[in-house]
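Asks: Handing you a structure now.
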Amino acid sequence: MERKRMRIVGLTGGIASGKSTVSNLFKAHDFPVVEADLVARDVLKKGKTGWKKVVSAFGDDILQPDGEVDRPKLGQIIFSNPEKRKLLNRVLAPYIWFGIFWEVLKLWMEGFKIIVVDVPLLFEAKMEKWTKPIVLVWVDSETQLQRLMLRDSTSEDDAQNRINAQMSLDLKKTKADLVIDNTGSLKDLREQFRSILVIITKPLTWTEFGFSRRGVALFLLSIVVGVLMYFQRSLYTSSL
């Protein structure tokens with residue numbers, strides 16, 4: 001029976017907040033991590049259904065010479081045009097959702113008790129109800145802007161448009177269970193991460209979710225329904 005228990009930890013943040021660093025720390029401590037961004041990349045590979053849907057919606061102009069989607073070009077289109085962003089959301093969300101659930105299901109079947117789901121748009125996609133606890137990597141807005149400009153060598157306006165396309169980190173902070181303040185040094189972040197580990201590795205005695213195979217089945221069924229209700233938000237846009 002112990003093998004059937006599972007805790008799904010939600011890891012989220014914002015663009016240039018340092019979420020990927022924390023995700024890598026989880027991996028370094030041997031926690032399985034399902035990354036929404038990697039699922040999204042797979043969905044958009046040439047020839048896949050998601051790729052076909054996007055090409056049909058946006059035209060061949062978004063393709064590279066090898067036929068793969070030109071991600072930076074598509075990113076410029078959707079971040080400067082809310083309607084185009086919604087269109088991409090509607091097209092890709094179901095495929096990304098399915099990919100995430102399939103990865104979680106496989107890990108569950110392998111017997112993992114704690115699975116980390118790395119979802120940049122966890123709250124926007126209404127997935128927070130299925131993860132516990134939710135870990136947010138937070139930075140103040142000015143730090144986020146400066147780091148994004150430096151990381152991508154982009155203009156302030158372009159960086160701000162990308163940040164504005166997501167829920168603010170301050171609002172996410174009010175919704176998260178655990179917050180890592182990443183405005184300081186890497187050493188500070190690692191110290192906070194160690195404190196997080198103590199909490200999430202406590203015995204699986206809470207009842208919010210995931211104690212049985214039935215719980216997982218209900219989780220998957222509920223999320224499928226959620227896809228139909230909340231397709232306006234996509235897990236893909238944050239990775240462009």
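Each chain in the structure tokens gets a letter, A, B, ..., in the order shown, and its residues are numbered from 1; ligands are numbered from 1 in order too.
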Can you list, as a list in words, all residues belonging to region 48-207 of chain A that DSSP tags as strand (DSSP E)?
Replies: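 Here is the list: Ile114, Ile115, Val116, Val117, Asp118, Ile134, Val135, Leu136, Val137, Trp138, Leu178, Val179, Ile180 and Asp181 of chain A.
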Asks: In Å, how far is it from CA of Asp157 (chain A) to CA of Val179 (chain A)?
Replies: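 CA of Val179 (chain A) lies at a distance of 27.7 Å from CA of Asp157 (chain A).
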Asks: So which residues touch Asp61 (chain A) within 12 Å, counting only C-alpha atoms, skipping near sequence neighbours fewer than 4 positions away, as a short mmCIF file (atom, residue, chain, number, x, y, z; two decimals) with all heavy atoms, in the first residue's frame?
Replies:
```cif
data_model
loop_
_atom_site.label_atom_id
_atom_site.label_comp_id
_atom_site.auth_asym_id
_atom_site.auth_seq_id
_atom_site.Cartn_x
_atom_site.Cartn_y
_atom_site.Cartn_z
N VAL A 54 -0.38 24.15 -35.09
CA VAL A 54 0.21 25.49 -35.01
C VAL A 54 0.53 26.02 -36.41
O VAL A 54 0.28 27.20 -36.71
CB VAL A 54 1.47 25.46 -34.13
CG1 VAL A 54 2.24 26.78 -34.25
CG2 VAL A 54 1.09 25.22 -32.68
N VAL A 55 1.08 25.18 -37.26
CA VAL A 55 1.38 25.61 -38.64
C VAL A 55 0.11 25.98 -39.36
O VAL A 55 0.06 26.98 -40.11
CB VAL A 55 2.15 24.50 -39.39
CG1 VAL A 55 2.32 24.88 -40.87
CG2 VAL A 55 3.52 24.27 -38.75
N SER A 56 -0.94 25.23 -39.14
CA SER A 56 -2.22 25.53 -39.77
C SER A 56 -2.77 26.86 -39.30
O SER A 56 -3.36 27.62 -40.08
CB SER A 56 -3.22 24.42 -39.47
OG SER A 56 -4.50 24.70 -39.99
N ALA A 57 -2.56 27.17 -38.01
CA ALA A 57 -3.09 28.39 -37.43
C ALA A 57 -2.25 29.63 -37.76
O ALA A 57 -2.80 30.73 -37.94
CB ALA A 57 -3.21 28.24 -35.92
N PRO A 65 14.05 26.73 -42.02
CA PRO A 65 14.29 25.97 -43.26
C PRO A 65 14.17 24.46 -43.09
O PRO A 65 13.79 23.76 -44.02
CB PRO A 65 15.72 26.37 -43.63
CG PRO A 65 15.87 27.76 -43.07
CD PRO A 65 15.10 27.74 -41.78
N GLY A 67 12.02 22.98 -41.27
CA GLY A 67 10.64 22.62 -41.01
C GLY A 67 10.23 22.71 -39.56
O GLY A 67 9.04 22.61 -39.24
N GLU A 68 11.18 22.89 -38.66
CA GLU A 68 10.85 23.04 -37.26
C GLU A 68 10.32 24.45 -37.00
O GLU A 68 10.60 25.38 -37.76
CB GLU A 68 12.08 22.79 -36.38
CG GLU A 68 12.63 21.37 -36.45
CD GLU A 68 11.73 20.34 -35.80
OE1 GLU A 68 10.74 20.74 -35.13
OE2 GLU A 68 12.00 19.13 -35.96
N VAL A 69 9.54 24.61 -35.93
CA VAL A 69 9.00 25.92 -35.59
C VAL A 69 10.11 26.86 -35.14
O VAL A 69 10.97 26.47 -34.34
CB VAL A 69 7.93 25.80 -34.48
CG1 VAL A 69 7.52 27.18 -33.98
CG2 VAL A 69 6.73 25.03 -34.97
N ASP A 70 10.12 28.06 -35.68
CA ASP A 70 11.06 29.10 -35.25
C ASP A 70 10.50 29.69 -33.96
O ASP A 70 9.67 30.59 -33.96
CB ASP A 70 11.17 30.19 -36.33
CG ASP A 70 12.27 31.19 -36.04
OD1 ASP A 70 12.52 31.46 -34.84
OD2 ASP A 70 12.86 31.72 -36.98
N ARG A 71 10.97 29.19 -32.84
CA ARG A 71 10.40 29.56 -31.55
C ARG A 71 10.54 31.05 -31.23
O ARG A 71 9.57 31.67 -30.77
CB ARG A 71 11.03 28.70 -30.46
CG ARG A 71 10.72 27.21 -30.60
CD ARG A 71 11.61 26.35 -29.74
NE ARG A 71 11.48 26.70 -28.34
CZ ARG A 71 10.51 26.26 -27.55
NH1 ARG A 71 9.59 25.43 -28.03
NH2 ARG A 71 10.45 26.62 -26.30
N LYS A 73 10.65 33.53 -33.29
CA LYS A 73 9.72 34.26 -34.16
C LYS A 73 8.29 34.10 -33.68
O LYS A 73 7.53 35.07 -33.62
CB LYS A 73 9.85 33.75 -35.60
CG LYS A 73 9.03 34.56 -36.59
CD LYS A 73 9.36 34.15 -38.02
CE LYS A 73 8.62 35.05 -39.02
NZ LYS A 73 8.97 34.67 -40.43
N LEU A 74 7.92 32.88 -33.32
CA LEU A 74 6.57 32.65 -32.79
C LEU A 74 6.38 33.40 -31.48
O LEU A 74 5.31 33.96 -31.22
CB LEU A 74 6.34 31.16 -32.59
CG LEU A 74 4.96 30.74 -32.07
CD1 LEU A 74 3.86 31.23 -33.03
CD2 LEU A 74 4.88 29.23 -31.90
N ILE A 77 5.53 37.00 -32.05
CA ILE A 77 4.15 37.16 -32.51
C ILE A 77 3.17 37.13 -31.35
O ILE A 77 2.32 38.01 -31.21
CB ILE A 77 3.80 36.05 -33.53
CG1 ILE A 77 4.61 36.22 -34.81
CG2 ILE A 77 2.30 36.07 -33.84
CD1 ILE A 77 4.45 35.07 -35.79
#
```
Asks: Could you pull the residues within 7 Å of region 133-139 of chain A, counting only C-alpha atoms, minus those fewer than 5 positions along the same chain, as a ChimeraX atom specification?
Replies: /A:9-13,17-19,144,169,173,176-183
Asks: Which is closest to Gly111 (chain A) among A:Asp170, A:Met6, A:Lys52, A:Asn81, if we use only C-alpha atoms?
Replies: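 Under the stated criterion, the closest residue is A:Met6.
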Asks: Using only C-alpha atoms, find the one residue out of A:Trp130, A:Gln160, A:Gly75, A:Ile96 that sits nearest to Arg41 (chain A).
Replies: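 Smallest distance to Arg41 (chain A) is found for A:Ile96.
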Asks: Please report the interatomic distance between CA of Gly50 (chain A) and CA of Tyr95 (chain A) in Å with one decimal.
Replies: 6.7 Å
Asks: Just the residues within 12 Å of Lys53 (chain A), please, counting only C-alpha atoms, with nothing from its chain fewer than 2 positions along; format it as a list in words.
Replies: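 So the residues in contact are Val43, Leu44, Lys45, Lys46, Gly47, Lys48, Thr49, Gly50, Trp51, Val55, Ser56, Ala57, Phe58, Gly59, Asp60, Val69, Leu87, Leu88, Asn89, Arg90, Val91, Leu92, Ala93, Pro94 and Tyr95 of chain A.
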Asks: Could you pull out the alpha helix (DSSP H) residues of region 31-111 of chain A from DSSP and send them as number ranges by chain?
Replies: A: 36-43, 49-58, 71-79, 82-109
Asks: Could you check the closest approach to Ile200 (chain A) for each of A:Met167, A:Ile78, A:Val22, A:Ile115 and tell me which residue wins, using only C-alpha atoms?
Replies: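 Checking each of A:Met167, A:Ile78, A:Val22, A:Ile115 against Ile200 (chain A), counting only C-alpha atoms, the winner is A:Ile115.
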Asks: Point out the residue among A:Lys113, A:Ile8, A:Ala36, A:Ser20 with the least atom-to-atom distance to Trp97 (chain A), counting only C-alpha atoms.
Replies: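 Closest to Trp97 (chain A), using only C-alpha atoms: A:Ala36.
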Asks: Just to confirm, what's the straight-line distance from CA of Glu191 (chain A) to CA of Leu25 (chain A) in Å (one decimal)?
Replies: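 Calculated distance between CA of Glu191 (chain A) and CA of Leu25 (chain A) is 11.3 Å.
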Asks: Between A:Lys132, A:Val39, A:Val117, A:Ile100, which residue has the minimum interatomic distance to Ile199 (chain A), considering only C-alpha atoms?
Replies: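 That would be A:Lys132, the residue with the smallest distance to Ile199 (chain A).
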Asks: Nearest to Leu145 (chain A): which of A:Lys175, A:Ser23, A:Gly14, A:Glu128 is it, counting only C-alpha atoms?
Replies: A:Gly14
